[in-house]
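Input: a single structure, listed below in structure tokens.
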Amino acid sequence: MQTNNVANQTKISFSERVAQVMDVPRDVVAMALDYPSGHLIPFHCHPRAQLLYAVSGVMVVTTRKGTWVVPPQRGVWIPPMMEHQIVTSGQLSMRTLYIKKDAVPSLPVDCCVVNITPLLRELILYMVNLPTPYPLGGPEQRIVAVIFDQIQSLSIVPLSLPTPKDPRLRVIHEALLEDPSNSSTLEQWSHQVGASERTLARIFRDETGMSFREWRQQFKLLEALKYLANDVPVTTVAMTLGYDSVSAFIHMFKKALGRTPTGYFKDLLT
């Protein structure tokens with residue numbers, strides 16, 4: 001039976017809805033879902049790859065390898081069978097393409113935040129309103145071919161944070177999650193976790209590909225996006241993240257993303 005993909009107010013659970021679309025005999029199945037801020041979709045996986053697109057709000061996608069923060073008008077690519085959870089910041093309007101494994105060649109083998117081109121955005125919104133399954137041999141199937149062309153040229157946005165596995169680094173990570181303003185140096189952490197500063201620096205580089213300073217700055221950048229998505233004032237965000245001044249926070253944000261915090265979200269939503 002054909003159904004519309006726009007999420008209506010039914011009592012069917014998220015897991016049941018996803019399980020249903022996995023068996024649809026089409027290369028792509030689209031779904032639209034809206035969630036309040038702070039909503040959690042627990043760890044799960046599925047045999048199809050997933051392109052998640054945030055129309056509004058911020059998605060925080062976590063796998064065993066790391067965290068990806070997805071601002072509005074951006075997307076995240078999730079390979080098949082990769083366990084992940086999603087937490088929302090701000091009212092989230094999410095559109096998803098579930099794509100059959102091997103339907104599109106040369107796709108990323110790991111999660112990544114991607115730029116969604118204006119054309120791909122319109123195609124995703126078009127797919128959401130098609131019946132499931134969509135007809136074959138007509139314009140709908142040609143639209144899917146264009147979507148595949150667009151997906152193969154997606155550009156990656158550096159909005160990820162590798163999760164350290166070493167128990168000593170995890171202590172640091174968990175402490176920062178509890179208090180993002182913590183400004184302890186690696187030398188100070190070395191006394192708390194029982195390893196030398198040099199050892200910690202080496203493990204950070206080996207496990208994350210970043211220095212501790214780079215990793216902590218990336219952590220704060222992604223935390224900032226979560227706060228900003230909930231309309232927390234820039235001044236409050238800067239103080240919460242432990243910056244000495246609002247200007248220092250704005251400088252970090254602009255250097256990383258090319259826009260001021262206020263300008264970044266304004267540009268995304270226009």
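Labeling convention for the structure tokens: chains A, B, ... as they appear, residues from 1 per chain, ligands from 1 in order of appearance.
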
Considering only C-alpha atoms, return as a list in words whatever protein or nucleic-acid residues lie within 8 Å of His251 in chain A, sequence-local ones (same chain, fewer than 4 positions apart) excluded.
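Non-adjacent residues within range: Ser247, Lys255 and Thr260 of chain A.
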
Please identify which residues in range 70-153 of chain A DSSP calls strand (DSSP E or B) from the backbone, and express them as a PyMOL selection string.
chain A and resi 70+74-78+84-99+112-115+131-132

Shell of 8 Å around range 55-68 of chain A, only C-alpha atoms, local chain residues under 6 positions omitted, as a PDB file with N, CA, C and O atoms, in the first residue's frame:
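Writing the result to around-v3.pdb gives the following:
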ATOM      1  N   ARG A  74      22.608  21.557   7.123  1.00  0.00           N
ATOM      2  CA  ARG A  74      23.713  20.641   6.872  1.00  0.00           C
ATOM      3  C   ARG A  74      23.179  19.211   6.990  1.00  0.00           C
ATOM      4  O   ARG A  74      22.041  18.991   7.393  1.00  0.00           O
ATOM      5  N   VAL A  76      24.351  14.770   7.665  1.00  0.00           N
ATOM      6  CA  VAL A  76      25.355  13.824   8.151  1.00  0.00           C
ATOM      7  C   VAL A  76      25.152  12.505   7.424  1.00  0.00           C
ATOM      8  O   VAL A  76      24.031  12.037   7.243  1.00  0.00           O
ATOM      9  N   MET A  82      26.200   0.966  10.960  1.00  0.00           N
ATOM     10  CA  MET A  82      26.997   1.685  11.954  1.00  0.00           C
ATOM     11  C   MET A  82      26.082   2.096  13.109  1.00  0.00           C
ATOM     12  O   MET A  82      25.120   2.841  12.919  1.00  0.00           O
ATOM     13  N   GLU A  83      26.394   1.622  14.297  1.00  0.00           N
ATOM     14  CA  GLU A  83      25.613   1.982  15.471  1.00  0.00           C
ATOM     15  C   GLU A  83      25.745   3.476  15.749  1.00  0.00           C
ATOM     16  O   GLU A  83      26.850   4.016  15.775  1.00  0.00           O
ATOM     17  N   HIS A  84      24.624   4.124  16.002  1.00  0.00           N
ATOM     18  CA  HIS A  84      24.644   5.557  16.272  1.00  0.00           C
ATOM     19  C   HIS A  84      23.433   5.955  17.101  1.00  0.00           C
ATOM     20  O   HIS A  84      22.415   5.260  17.109  1.00  0.00           O
ATOM     21  N   GLN A  85      23.594   7.057  17.820  1.00  0.00           N
ATOM     22  CA  GLN A  85      22.468   7.663  18.515  1.00  0.00           C
ATOM     23  C   GLN A  85      22.373   9.114  18.097  1.00  0.00           C
ATOM     24  O   GLN A  85      23.343   9.712  17.610  1.00  0.00           O
ATOM     25  N   ILE A  86      21.197   9.696  18.296  1.00  0.00           N
ATOM     26  CA  ILE A  86      20.964  11.090  17.912  1.00  0.00           C
ATOM     27  C   ILE A  86      20.324  11.817  19.083  1.00  0.00           C
ATOM     28  O   ILE A  86      19.360  11.320  19.679  1.00  0.00           O
ATOM     29  N   VAL A  87      20.872  12.986  19.415  1.00  0.00           N
ATOM     30  CA  VAL A  87      20.287  13.857  20.424  1.00  0.00           C
ATOM     31  C   VAL A  87      20.023  15.201  19.760  1.00  0.00           C
ATOM     32  O   VAL A  87      20.858  15.703  18.994  1.00  0.00           O
ATOM     33  N   THR A  88      18.876  15.789  20.046  1.00  0.00           N
ATOM     34  CA  THR A  88      18.517  17.055  19.411  1.00  0.00           C
ATOM     35  C   THR A  88      18.853  18.238  20.302  1.00  0.00           C
ATOM     36  O   THR A  88      18.758  18.162  21.524  1.00  0.00           O
ATOM     37  N   SER A  89      19.264  19.334  19.682  1.00  0.00           N
ATOM     38  CA  SER A  89      19.433  20.622  20.359  1.00  0.00           C
ATOM     39  C   SER A  89      18.594  21.636  19.609  1.00  0.00           C
ATOM     40  O   SER A  89      18.815  21.874  18.420  1.00  0.00           O
ATOM     41  N   GLY A  90      17.626  22.214  20.291  1.00  0.00           N
ATOM     42  CA  GLY A  90      16.668  23.059  19.598  1.00  0.00           C
ATOM     43  C   GLY A  90      15.608  22.189  18.940  1.00  0.00           C
ATOM     44  O   GLY A  90      15.781  20.978  18.772  1.00  0.00           O
ATOM     45  N   GLN A  91      14.501  22.786  18.584  1.00  0.00           N
ATOM     46  CA  GLN A  91      13.431  22.062  17.891  1.00  0.00           C
ATOM     47  C   GLN A  91      13.971  21.556  16.564  1.00  0.00           C
ATOM     48  O   GLN A  91      14.395  22.342  15.711  1.00  0.00           O
ATOM     49  N   LEU A  92      13.978  20.237  16.392  1.00  0.00           N
ATOM     50  CA  LEU A  92      14.604  19.642  15.209  1.00  0.00           C
ATOM     51  C   LEU A  92      13.564  19.234  14.179  1.00  0.00           C
ATOM     52  O   LEU A  92      12.590  18.543  14.488  1.00  0.00           O
ATOM     53  N   SER A  93      13.792  19.676  12.951  1.00  0.00           N
ATOM     54  CA  SER A  93      13.026  19.211  11.802  1.00  0.00           C
ATOM     55  C   SER A  93      13.995  18.429  10.921  1.00  0.00           C
ATOM     56  O   SER A  93      14.897  19.006  10.319  1.00  0.00           O
ATOM     57  N   MET A  94      13.820  17.113  10.891  1.00  0.00           N
ATOM     58  CA  MET A  94      14.804  16.213  10.271  1.00  0.00           C
ATOM     59  C   MET A  94      14.199  15.508   9.059  1.00  0.00           C
ATOM     60  O   MET A  94      13.068  15.029   9.107  1.00  0.00           O
ATOM     61  N   ARG A  95      14.973  15.463   7.980  1.00  0.00           N
ATOM     62  CA  ARG A  95      14.573  14.731   6.787  1.00  0.00           C
ATOM     63  C   ARG A  95      15.669  13.707   6.479  1.00  0.00           C
ATOM     64  O   ARG A  95      16.855  14.036   6.506  1.00  0.00           O
ATOM     65  N   CYS A 111      31.142   8.085   9.331  1.00  0.00           N
ATOM     66  CA  CYS A 111      30.264   9.238   9.495  1.00  0.00           C
ATOM     67  C   CYS A 111      30.993  10.517   9.094  1.00  0.00           C
ATOM     68  O   CYS A 111      32.202  10.639   9.292  1.00  0.00           O
ATOM     69  N   CYS A 112      30.248  11.481   8.580  1.00  0.00           N
ATOM     70  CA  CYS A 112      30.812  12.799   8.306  1.00  0.00           C
ATOM     71  C   CYS A 112      29.681  13.795   8.137  1.00  0.00           C
ATOM     72  O   CYS A 112      28.595  13.459   7.649  1.00  0.00           O
ATOM     73  N   VAL A 113      29.923  15.025   8.575  1.00  0.00           N
ATOM     74  CA  VAL A 113      28.991  16.120   8.331  1.00  0.00           C
ATOM     75  C   VAL A 113      29.258  16.648   6.924  1.00  0.00           C
ATOM     76  O   VAL A 113      30.415  16.810   6.528  1.00  0.00           O
ATOM     77  N   LEU A 159      33.080  19.118  11.404  1.00  0.00           N
ATOM     78  CA  LEU A 159      32.315  19.306  12.635  1.00  0.00           C
ATOM     79  C   LEU A 159      32.203  17.990  13.402  1.00  0.00           C
ATOM     80  O   LEU A 159      31.115  17.586  13.828  1.00  0.00           O
ATOM     81  N   SER A 160      33.341  17.328  13.562  1.00  0.00           N
ATOM     82  CA  SER A 160      33.367  16.065  14.294  1.00  0.00           C
ATOM     83  C   SER A 160      34.382  16.142  15.419  1.00  0.00           C
ATOM     84  O   SER A 160      35.298  16.968  15.401  1.00  0.00           O
ATOM     85  N   LEU A 161      34.197  15.258  16.395  1.00  0.00           N
ATOM     86  CA  LEU A 161      35.132  15.177  17.515  1.00  0.00           C
ATOM     87  C   LEU A 161      35.420  13.699  17.786  1.00  0.00           C
ATOM     88  O   LEU A 161      34.532  12.967  18.224  1.00  0.00           O
ATOM     89  N   PRO A 162      36.655  13.243  17.516  1.00  0.00           N
ATOM     90  CA  PRO A 162      36.987  11.842  17.805  1.00  0.00           C
ATOM     91  C   PRO A 162      36.887  11.564  19.307  1.00  0.00           C
ATOM     92  O   PRO A 162      37.309  12.383  20.125  1.00  0.00           O
ATOM     93  N   THR A 163      36.340  10.406  19.653  1.00  0.00           N
ATOM     94  CA  THR A 163      36.224  10.021  21.057  1.00  0.00           C
ATOM     95  C   THR A 163      37.446   9.225  21.471  1.00  0.00           C
ATOM     96  O   THR A 163      37.706   8.156  20.915  1.00  0.00           O
ATOM     97  N   LEU A 225      27.825  25.121  19.326  1.00  0.00           N
ATOM     98  CA  LEU A 225      26.744  24.944  18.363  1.00  0.00           C
ATOM     99  C   LEU A 225      25.480  24.422  19.043  1.00  0.00           C
ATOM    100  O   LEU A 225      24.362  24.829  18.703  1.00  0.00           O
ATOM    101  N   LYS A 226      25.647  23.524  20.004  1.00  0.00           N
ATOM    102  CA  LYS A 226      24.480  22.993  20.729  1.00  0.00           C
ATOM    103  C   LYS A 226      23.776  24.106  21.504  1.00  0.00           C
ATOM    104  O   LYS A 226      22.555  24.224  21.480  1.00  0.00           O
ATOM    105  N   ALA A 229      22.032  26.622  19.214  1.00  0.00           N
ATOM    106  CA  ALA A 229      20.810  26.078  18.625  1.00  0.00           C
ATOM    107  C   ALA A 229      19.616  26.248  19.549  1.00  0.00           C
ATOM    108  O   ALA A 229      18.465  26.272  19.102  1.00  0.00           O
ATOM    109  N   LEU A 269      20.093  29.770   7.886  1.00  0.00           N
ATOM    110  CA  LEU A 269      18.623  29.732   7.825  1.00  0.00           C
ATOM    111  C   LEU A 269      18.029  30.671   6.796  1.00  0.00           C
ATOM    112  O   LEU A 269      16.823  30.808   6.705  1.00  0.00           O
TER     113      LEU A 269
END

Cut-off 9 Å: closest range 70-182 of chain A/range 187-202 of chain A atom pairs per residue, using only C-alpha atoms, as a tab-separated table:
residue	atom	partner	partner_atom	distance
A:Pro167	CA	A:Val193	CA	8.8
A:Arg168	CA	A:Val193	CA	5.6
A:Leu169	CA	A:Leu200	CA	7.5
A:Val171	CA	A:Val193	CA	7.3
A:Ile172	CA	A:Trp189	CA	7.4

Top pick for closest residue to Gln50 in chain A, considering A:Ser15, A:Gln141, A:Thr236, A:Thr96 and counting only C-alpha atoms:
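Looking at the shortest contact to Gln50 in chain A, the residue is A:Thr96.
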
Using only C-alpha atoms, which of A:Lys254, A:His39, A:His46, A:Lys101 sits nearest Arg17 in chain A?
A:His46

Run DSSP on the backbone of this structure and report the residues of range 8-147 of chain A it assigns to alpha helix (DSSP H), as a ChimeraX atom specification.
/A:14-22,118-128,139-147

For Ser153 in chain A, find every residue with an atom within 10 Å (counting only C-alpha atoms), except residues of its own chain fewer than 2 positions away, and show them as an mmCIF file with N, CA, C and O atoms, in the first residue's frame.
data_model
loop_
_atom_site.group_PDB
_atom_site.id
_atom_site.type_symbol
_atom_site.label_atom_id
_atom_site.label_comp_id
_atom_site.auth_asym_id
_atom_site.auth_seq_id
_atom_site.Cartn_x
_atom_site.Cartn_y
_atom_site.Cartn_z
ATOM 1 N N LEU A 107 31.168 5.939 -1.743
ATOM 2 C CA LEU A 107 30.632 6.780 -0.680
ATOM 3 C C LEU A 107 31.506 6.679 0.560
ATOM 4 O O LEU A 107 32.252 5.716 0.725
ATOM 5 N N VAL A 114 28.193 16.908 6.179
ATOM 6 C CA VAL A 114 28.354 17.311 4.776
ATOM 7 C C VAL A 114 27.530 18.551 4.480
ATOM 8 O O VAL A 114 26.511 18.825 5.122
ATOM 9 N N ASN A 115 28.011 19.321 3.509
ATOM 10 C CA ASN A 115 27.235 20.433 2.986
ATOM 11 C C ASN A 115 26.108 19.892 2.111
ATOM 12 O O ASN A 115 26.346 19.016 1.270
ATOM 13 N N THR A 117 23.783 20.869 -0.822
ATOM 14 C CA THR A 117 23.627 21.889 -1.850
ATOM 15 C C THR A 117 22.163 22.306 -1.960
ATOM 16 O O THR A 117 21.258 21.538 -1.589
ATOM 17 N N PHE A 148 21.541 10.697 -6.453
ATOM 18 C CA PHE A 148 22.779 9.920 -6.353
ATOM 19 C C PHE A 148 23.963 10.714 -6.897
ATOM 20 O O PHE A 148 25.062 10.678 -6.335
ATOM 21 N N ASP A 149 23.756 11.444 -7.988
ATOM 22 C CA ASP A 149 24.831 12.284 -8.533
ATOM 23 C C ASP A 149 25.244 13.345 -7.521
ATOM 24 O O ASP A 149 26.439 13.621 -7.330
ATOM 25 N N GLN A 150 24.261 13.949 -6.873
ATOM 26 C CA GLN A 150 24.539 14.992 -5.884
ATOM 27 C C GLN A 150 25.278 14.426 -4.664
ATOM 28 O O GLN A 150 26.212 15.042 -4.151
ATOM 29 N N ILE A 151 24.864 13.254 -4.222
ATOM 30 C CA ILE A 151 25.472 12.651 -3.032
ATOM 31 C C ILE A 151 26.949 12.339 -3.273
ATOM 32 O O ILE A 151 27.786 12.506 -2.378
ATOM 33 N N SER A 155 30.536 17.698 -0.147
ATOM 34 C CA SER A 155 31.763 18.160 0.504
ATOM 35 C C SER A 155 31.621 18.011 2.019
ATOM 36 O O SER A 155 30.554 18.240 2.583
ATOM 37 N N ILE A 156 32.713 17.615 2.677
ATOM 38 C CA ILE A 156 32.694 17.321 4.109
ATOM 39 C C ILE A 156 32.980 18.592 4.912
ATOM 40 O O ILE A 156 33.839 19.395 4.552
#

Please provide as an MDAnalysis selection string all residues within 8 Å of Ala224 in chain A, with the sequence filter that same-chain residues fewer than 3 positions apart are discarded (counting only C-alpha atoms).
chainID A and resid 220:221 227:228 237 241

Taking only C-alpha atoms into account, which of A:Ala30, A:Met22, A:Val232, A:Ala256 comes nearest Asn129 in chain A?
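Closest candidate: A:Ala30.
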
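Computed from the coordinates, the CA of Val146 in chain A to CA of Ala49 in chain A distance equals 17.3 Å.
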
With only C-alpha atoms as the atoms that count, which of A:Val109, A:Leu186, A:Leu176, A:Ala54 lies nearest to Arg121 in chain A?
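Counting only C-alpha atoms, the residue closest to Arg121 in chain A is A:Ala54.
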
Using CA of Val28 in chain A and CA of Ile99 in chain A as the two end points, give the distance in Å to one decimal.
4.7 Å
